[in-house]
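Colleague: This is model34.csv, which holds CSV, C-alpha atoms:
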chain,number,residue,atom,x,y,z
W,5,MET,CA,0.0,0.0,0.0
W,6,ILE,CA,1.0,3.6,-0.6
W,7,ASP,CA,0.0,5.5,2.5
W,8,VAL,CA,-0.1,9.3,2.1
W,9,ARG,CA,-0.3,10.9,5.5
W,10,ALA,CA,-1.2,14.6,5.8
W,11,ILE,CA,1.5,15.8,3.4
W,12,THR,CA,2.2,19.5,2.7
W,13,VAL,CA,4.4,20.7,-0.1
W,14,SER,CA,5.3,24.3,-0.9
W,15,TYR,CA,7.3,26.0,-3.6
W,16,PRO,CA,9.4,29.2,-3.0
W,17,ASP,CA,7.7,31.1,-5.8
W,18,ARG,CA,4.1,30.4,-4.6
W,19,SER,CA,2.2,32.0,-1.8
W,20,MET,CA,0.0,29.0,-1.2
W,21,PRO,CA,1.1,25.3,-0.7
W,22,ALA,CA,0.9,23.1,-3.8
W,23,LEU,CA,-0.4,20.4,-1.5
W,24,HIS,CA,-2.0,21.1,1.9
W,25,GLY,CA,-2.6,18.2,4.4
W,26,VAL,CA,-3.3,15.6,1.7
W,27,SER,CA,-4.1,12.1,2.9
W,28,LEU,CA,-5.0,9.0,0.9
W,29,SER,CA,-4.2,5.4,0.6
W,30,ILE,CA,-3.5,3.4,-2.5
W,31,PRO,CA,-3.9,-0.4,-2.0
W,32,GLU,CA,-1.9,-2.9,-4.0
W,33,GLY,CA,-3.7,-3.9,-7.2
W,34,SER,CA,-6.1,-0.9,-7.1
W,35,PHE,CA,-6.8,1.5,-9.9
W,36,LEU,CA,-7.1,5.1,-8.9
W,37,ALA,CA,-7.8,8.1,-11.2
W,38,LEU,CA,-6.6,11.5,-10.1
W,39,MET,CA,-8.2,14.7,-11.6
W,40,GLY,CA,-8.1,18.4,-10.9
W,41,ALA,CA,-7.8,21.8,-12.6
W,42,ASN,CA,-4.4,23.1,-13.6
W,43,GLY,CA,-2.4,24.0,-10.5
W,44,SER,CA,-4.5,21.8,-8.2
W,45,GLY,CA,-1.4,19.8,-7.2
W,46,LYS,CA,-1.8,16.6,-9.3
W,47,SER,CA,1.8,16.4,-10.6
W,48,THR,CA,3.2,17.5,-7.3
W,49,LEU,CA,1.4,14.6,-5.6
W,50,ALA,CA,2.6,12.2,-8.4
W,51,ARG,CA,6.2,13.1,-7.8
W,52,CYS,CA,5.8,12.6,-4.0
W,53,LEU,CA,4.6,9.0,-4.5
W,54,ASN,CA,8.0,7.7,-5.4
W,55,GLY,CA,10.2,10.1,-3.5
W,56,LEU,CA,11.1,12.5,-6.4
W,57,LEU,CA,9.7,15.2,-4.1
W,58,LEU,CA,9.7,15.0,-0.3
W,59,PRO,CA,6.9,16.7,1.7
W,60,GLU,CA,7.9,19.4,4.2
W,61,ARG,CA,5.2,18.0,6.6
W,62,GLY,CA,3.6,14.6,6.8
W,63,GLU,CA,5.0,11.4,5.3
W,64,ILE,CA,4.5,8.8,2.6
W,65,LEU,CA,5.0,5.1,3.2
W,66,VAL,CA,5.4,2.8,0.2
W,67,ASP,CA,4.8,-0.8,1.4
W,68,GLY,CA,5.9,0.5,4.8
W,69,ALA,CA,9.0,2.3,3.7
W,70,PRO,CA,9.2,6.1,4.2
W,71,THR,CA,10.1,7.9,1.0
W,72,ALA,CA,12.2,10.3,3.1
W,73,ASP,CA,14.5,7.4,4.2
W,74,PRO,CA,17.6,7.6,2.1
W,75,SER,CA,18.2,3.9,2.6
W,76,ALA,CA,14.8,3.1,1.1
W,77,ARG,CA,15.1,5.4,-2.0
W,78,LEU,CA,16.2,2.7,-4.5
W,79,ALA,CA,13.5,0.3,-3.3
W,80,VAL,CA,10.8,3.0,-3.5
W,81,SER,CA,11.8,4.1,-6.9
W,82,ARG,CA,11.8,0.5,-8.2
W,83,THR,CA,8.4,-0.2,-6.5
W,84,VAL,CA,6.7,3.0,-7.8
W,85,GLY,CA,7.2,3.4,-11.5
W,86,MET,CA,6.4,6.7,-13.2
W,87,VAL,CA,5.6,7.8,-16.8
W,88,PHE,CA,5.4,11.5,-17.5
W,89,GLN,CA,3.4,13.6,-19.9
W,90,ASN,CA,6.3,14.3,-22.3
W,91,PRO,CA,8.4,11.2,-23.2
W,92,HIS,CA,11.3,13.5,-24.4
W,93,LEU,CA,12.0,14.3,-20.8
W,94,GLN,CA,12.1,10.6,-19.8
W,95,ILE,CA,14.0,9.0,-22.7
W,96,THR,CA,17.8,9.2,-22.5
W,97,SER,CA,19.3,6.4,-24.6
W,98,LEU,CA,20.4,6.3,-28.3
W,99,THR,CA,18.4,3.2,-29.3
W,100,VAL,CA,15.0,1.7,-28.4
W,101,GLU,CA,16.6,-1.4,-27.1
W,102,ARG,CA,19.1,0.4,-24.9
W,103,GLU,CA,16.3,2.6,-23.5
W,104,VAL,CA,14.3,-0.4,-22.3
W,105,ALA,CA,17.5,-1.9,-20.8
W,106,PHE,CA,18.6,1.3,-19.1
W,107,GLY,CA,16.6,0.9,-15.9
W,108,LEU,CA,17.3,-2.8,-15.6
W,109,GLN,CA,21.1,-2.2,-15.8
W,110,ASN,CA,20.8,0.5,-13.1
W,111,LEU,CA,19.2,-2.2,-10.9
W,112,ARG,CA,22.4,-4.3,-11.5
W,113,LEU,CA,20.5,-7.3,-12.7
W,114,PRO,CA,22.4,-10.1,-14.4
W,115,ALA,CA,23.1,-9.6,-18.1
W,116,GLY,CA,21.0,-12.6,-19.1
W,117,GLU,CA,18.0,-11.3,-17.2
W,118,VAL,CA,18.4,-7.8,-18.7
W,119,ARG,CA,18.4,-9.3,-22.2
W,120,GLN,CA,15.4,-11.4,-21.4
W,121,ARG,CA,13.3,-8.6,-19.9
W,122,THR,CA,14.3,-6.2,-22.7
W,123,ASP,CA,13.4,-8.6,-25.5
W,124,ALA,CA,10.0,-9.3,-23.9
W,125,MET,CA,9.2,-5.7,-23.3
W,126,VAL,CA,10.2,-4.5,-26.7
W,127,ALA,CA,7.8,-7.1,-28.1
W,128,THR,CA,5.1,-6.2,-25.7
W,129,MET,CA,5.3,-2.5,-26.7
W,130,GLY,CA,5.2,-3.4,-30.4
W,131,LEU,CA,8.6,-2.0,-31.1
W,132,ASP,CA,10.4,-5.0,-32.4
W,133,ARG,CA,11.1,-3.4,-35.8
W,134,SER,CA,12.5,-0.3,-34.2
W,135,ARG,CA,14.7,-1.8,-31.6
W,136,GLN,CA,17.9,-0.4,-33.1
W,137,ALA,CA,16.3,2.9,-34.1
W,138,SER,CA,16.8,6.2,-32.3
W,139,PRO,CA,13.9,7.0,-30.0
W,140,ARG,CA,13.7,10.4,-31.7
W,141,SER,CA,12.7,8.8,-34.9
W,142,LEU,CA,9.6,7.3,-33.4
W,143,SER,CA,6.1,8.8,-33.4
W,144,ALA,CA,4.8,10.5,-30.2
W,145,GLY,CA,2.7,7.4,-29.4
W,146,GLU,CA,5.6,5.1,-30.0
W,147,GLN,CA,7.9,7.2,-27.8
W,148,GLN,CA,5.3,7.1,-25.0
W,149,ARG,CA,5.1,3.3,-25.4
W,150,LEU,CA,8.8,3.2,-25.1
W,151,ALA,CA,8.8,5.2,-21.9
W,152,LEU,CA,6.1,3.0,-20.5
W,153,GLY,CA,8.1,-0.1,-21.5
W,154,GLY,CA,11.2,1.1,-19.8
W,155,VAL,CA,9.3,1.5,-16.6
W,156,LEU,CA,7.3,-1.8,-16.8
W,157,ALA,CA,10.5,-3.7,-17.5
W,158,MET,CA,11.5,-3.0,-13.9
W,159,ASP,CA,8.3,-4.7,-12.7
W,160,PRO,CA,6.9,-2.0,-10.4
W,161,ARG,CA,4.1,-2.8,-8.0
W,162,TYR,CA,2.6,0.7,-8.6
W,163,LEU,CA,2.5,2.6,-11.8
W,164,VAL,CA,1.9,6.3,-11.8
W,165,LEU,CA,0.8,7.9,-15.2
W,166,ASP,CA,1.2,11.6,-14.9
W,167,GLU,CA,-1.1,12.8,-17.8
W,168,ALA,CA,0.9,10.3,-19.9
W,169,THR,CA,-1.7,10.3,-22.7
W,170,SER,CA,-2.5,14.0,-22.8
W,171,LEU,CA,-0.2,14.9,-25.8
W,172,LEU,CA,-1.3,11.9,-27.9
W,173,SER,CA,-3.9,11.3,-30.6
W,174,PRO,CA,-7.1,9.5,-29.6
W,175,ALA,CA,-5.7,6.3,-31.2
W,176,ALA,CA,-2.4,6.5,-29.4
W,177,ARG,CA,-4.1,7.2,-26.1
W,178,SER,CA,-6.3,4.2,-26.6
W,179,ALA,CA,-3.2,2.0,-27.4
W,180,ILE,CA,-1.4,3.1,-24.2
W,181,LEU,CA,-4.4,2.5,-22.0
W,182,GLN,CA,-5.1,-0.9,-23.5
W,183,THR,CA,-1.5,-1.9,-22.8
W,184,VAL,CA,-1.7,-0.6,-19.2
W,185,MET,CA,-4.9,-2.5,-18.6
W,186,ARG,CA,-3.5,-5.7,-20.0
W,187,GLU,CA,-0.3,-5.4,-17.9
W,188,ARG,CA,-2.3,-4.5,-14.8
W,189,GLU,CA,-4.4,-7.7,-15.2
W,190,LYS,CA,-1.3,-9.8,-15.8
W,191,ARG,CA,0.9,-8.3,-13.0
W,192,GLY,CA,-1.7,-7.3,-10.4
W,193,MET,CA,0.0,-3.9,-10.1
W,194,ALA,CA,-1.8,-0.8,-8.8
W,195,ILE,CA,-2.4,2.2,-11.2
W,196,VAL,CA,-2.5,5.9,-10.4
W,197,LEU,CA,-3.8,7.6,-13.6
W,198,ILE,CA,-3.7,11.4,-13.6
W,199,THR,CA,-5.9,12.6,-16.4
W,200,GLN,CA,-8.2,15.3,-17.7
W,201,PHE,CA,-10.3,12.9,-19.7
W,202,ALA,CA,-13.5,11.6,-18.1
W,203,ALA,CA,-13.5,8.5,-20.3
W,204,GLU,CA,-10.1,7.6,-18.9
W,205,ALA,CA,-11.2,8.2,-15.3
W,206,LEU,CA,-14.2,5.9,-15.7
W,207,LEU,CA,-11.8,3.0,-16.3
W,208,ALA,CA,-10.6,3.4,-12.6
W,209,ASP,CA,-12.1,1.8,-9.5
W,210,ARG,CA,-11.9,5.1,-7.7
W,211,LEU,CA,-11.6,8.8,-8.5
W,212,VAL,CA,-9.8,11.4,-6.3
W,213,VAL,CA,-10.2,15.1,-7.2
W,214,LEU,CA,-7.8,17.8,-6.0
W,215,GLN,CA,-8.6,21.4,-5.7
W,216,ALA,CA,-6.1,24.1,-4.6
W,217,GLY,CA,-3.9,21.4,-3.1
W,218,ARG,CA,-6.5,19.6,-1.1
W,219,VAL,CA,-8.6,16.4,-1.7
W,220,VAL,CA,-12.2,17.6,-2.3
W,221,ARG,CA,-13.7,14.4,-3.7
W,222,ASP,CA,-12.9,10.7,-3.3
W,223,GLY,CA,-15.2,8.0,-4.5
W,224,SER,CA,-16.9,6.4,-7.6
W,225,ALA,CA,-15.8,8.1,-10.8
W,226,ARG,CA,-19.3,7.7,-12.3
W,227,ASN,CA,-20.9,9.4,-9.3
W,228,ILE,CA,-18.4,12.3,-9.1
W,229,LEU,CA,-18.4,12.9,-12.9
W,230,GLY,CA,-22.2,12.8,-12.9
W,231,ASP,CA,-22.3,15.8,-10.6
W,232,LYS,CA,-22.2,18.6,-13.2
W,233,ASP,CA,-22.6,21.4,-10.7
W,234,GLY,CA,-19.9,20.0,-8.5
W,235,LEU,CA,-17.5,19.6,-11.5
W,236,THR,CA,-18.0,23.2,-12.5
W,237,GLY,CA,-17.2,24.3,-8.9
W,238,MET,CA,-14.0,22.2,-9.0
W,239,GLY,CA,-12.8,23.7,-12.3
W,240,LEU,CA,-13.3,20.5,-14.3
W,241,PRO,CA,-15.0,20.1,-17.7
W,242,VAL,CA,-18.4,18.5,-17.7
W,243,PRO,CA,-18.3,15.4,-19.8
W,244,LEU,CA,-20.9,15.2,-22.6
W,245,GLN,CA,-21.8,11.6,-21.6
W,246,LEU,CA,-20.5,9.1,-19.1
W,247,THR,CA,-19.3,6.2,-21.3
W,248,VAL,CA,-16.1,4.3,-21.3
Can I see the file as structure tokens?

Modeller:
Amino acid sequence: MIDVRAITVSYPDRSMPALHGVSLSIPEGSFLALMGANGSGKSTLARCLNGLLLPERGEILVDGAPTADPSARLAVSRTVGMVFQNPHLQITSLTVEREVAFGLQNLRLPAGEVRQRTDAMVATMGLDRSRQASPRSLSAGEQQRLALGGVLAMDPRYLVLDEATSLLSPAARSAILQTVMREREKRGMAIVLITQFAAEALLADRLVVLQAGRVVRDGSARNILGDKDGLTGMGLPVPLQLTV
């Protein structure tokens, strides 16, 4: 379980905290969607979940390990995988194959296991024909699949998608989400999906809404998204229809 305990995070250039007393729990195997208007604290919370950011107050425990504990940082980062909005900021290697292998090598896994996991993930992401190509030569959807593959290759228990589909075409968004759903079913990993799309949030078991750095709604996505007046008050777009 990821246990977020009354965390507060501030930035020097902002008068108000980005997160203020946020508490929530994310059980293993669960699927949580996270929504909120721009500036509500969604990405800040995402980066706190695996220790990229540390709260100034409160704490986060990942399977019992505090993200603030330096001795637990490697285990936490391996347990909570993250895929960001822009794959250009996440991809660092010269070829597709090396990008998938990069995280595995940093974990100091045996060379044979690195090759096996890399081969399997390149195939899973549908990138076999591009394995020796530069990631920069891929389409936006392929680059995001590559970023996702590099994270999934490390076999995280929790996968955080920080608006990972927001820059993609509808077809590419669908392909990413279908892959995530298949991998979740196969692995039993938990998903935290940060999104602005109601149709994506409806895939989740639970929806949490942030507003001005606080949790203002936590419950069924269908119930929350069906409250049109409430959505307007939270700065969220009203969906035309509630369908997946």

Colleague: Give me the residues within 7 Å of region 111-124 of chain W as a list in words, counting only C-alpha atoms and dropping any in the same chain fewer than 6 places off.

Modeller: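 These residues fall inside the cut-off: Glu101, Val104, Ala105 and Ala157 of chain W.
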
Colleague: Just the residues within 10 Å of region 50-64 of chain W, please, counting all atoms listed in the file, with nothing from its chain fewer than 4 positions along; format it as number ranges by chain.

Modeller: W: 6-14, 23-29, 38, 45-46, 68-74, 76-88, 162-166, 196-198

Colleague: W:Arg149, W:Arg210, W:Lys232, W:Arg218: which is nearest Gly43 (chain W), counting all atoms listed in the file?

Modeller: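 The answer is W:Arg218, which sits nearest to Gly43 (chain W).
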
Colleague: Find the spatial neighbours of Gln215 (chain W), counting all atoms listed in the file, within a cut-off of 9 Å - ignore same-chain residues fewer than 6 positions away - and output them as a list in words.

Modeller: Met39, Gly40, Ala41, Gly43, Ser44, Gly45, Arg221, Met238 and Gly239 of chain W

Colleague: Nearest to Pro241 (chain W) among W:Val184, W:Ala202, W:Val219, W:Ile228, with distances taken over only C-alpha atoms: which residue is it?

Modeller: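 With only C-alpha atoms as the atom set, the closest residue is W:Ala202.
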
Colleague: Just the residues within 9 Å of Gly154 (chain W), please, counting all atoms listed in the file, with nothing from its chain fewer than 2 positions along; format it as a ChimeraX atom specification.

Modeller: /W:95,103-108,122,125-126,149-152,156-158

Colleague: Can you work out which one of W:Ala37, W:Val100, W:Met193, W:Leu49 has the shortest atom-to-atom distance to Pro21 (chain W), counting only C-alpha atoms?

Modeller: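 Ranking W:Ala37, W:Val100, W:Met193, W:Leu49 by distance to Pro21 (chain W), first place goes to W:Leu49.
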
Colleague: Which distance in Å separates CA of Met5 (chain W) and CA of Asp67 (chain W), to one decimal?

Modeller: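 Distance reported for this atom pair: 5.1 Å.
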
Colleague: How many Å separate CA of Leu65 (chain W) from CA of Ser47 (chain W)?

Modeller: 18.1 Å

Colleague: Using only C-alpha atoms, which of W:Thr183, W:Ser170, W:Gln94, W:Asn227 sits nearest Gly130 (chain W)?

Modeller: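 Of W:Thr183, W:Ser170, W:Gln94, W:Asn227, the one nearest Gly130 (chain W), counting only C-alpha atoms, is W:Thr183.
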
Colleague: Would you work out the distance separating CA of Arg186 (chain W) from CA of Arg102 (chain W), expressed in Å to one decimal?

Modeller: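 Computed distance, CA of Arg186 (chain W) to CA of Arg102 (chain W), equals 23.9 Å.
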
Colleague: From the options W:Gln109, W:Ser224, W:Ser173, W:Gln200, which residue's atoms come nearest to Leu240 (chain W), counting only C-alpha atoms?

Modeller: W:Gln200

Colleague: Find the residue from W:Gln89, W:Ser34, W:Thr48, W:Gln147 that sits nearest to Leu214 (chain W); use only C-alpha atoms when measuring.

Modeller: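 The answer is W:Thr48, which sits nearest to Leu214 (chain W).
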
Colleague: Can you pull out every residue within 10 Å of region 180-182 of chain W, counting all atoms listed in the file, but drop anything in the same chain fewer than 2 positions away, and send it as an NGL selection string?

Modeller: :W and (129 or 145-146 or 148-149 or 152 or 168-169 or 172 or 175-178 or 184-188 or 197 or 204 or 207)
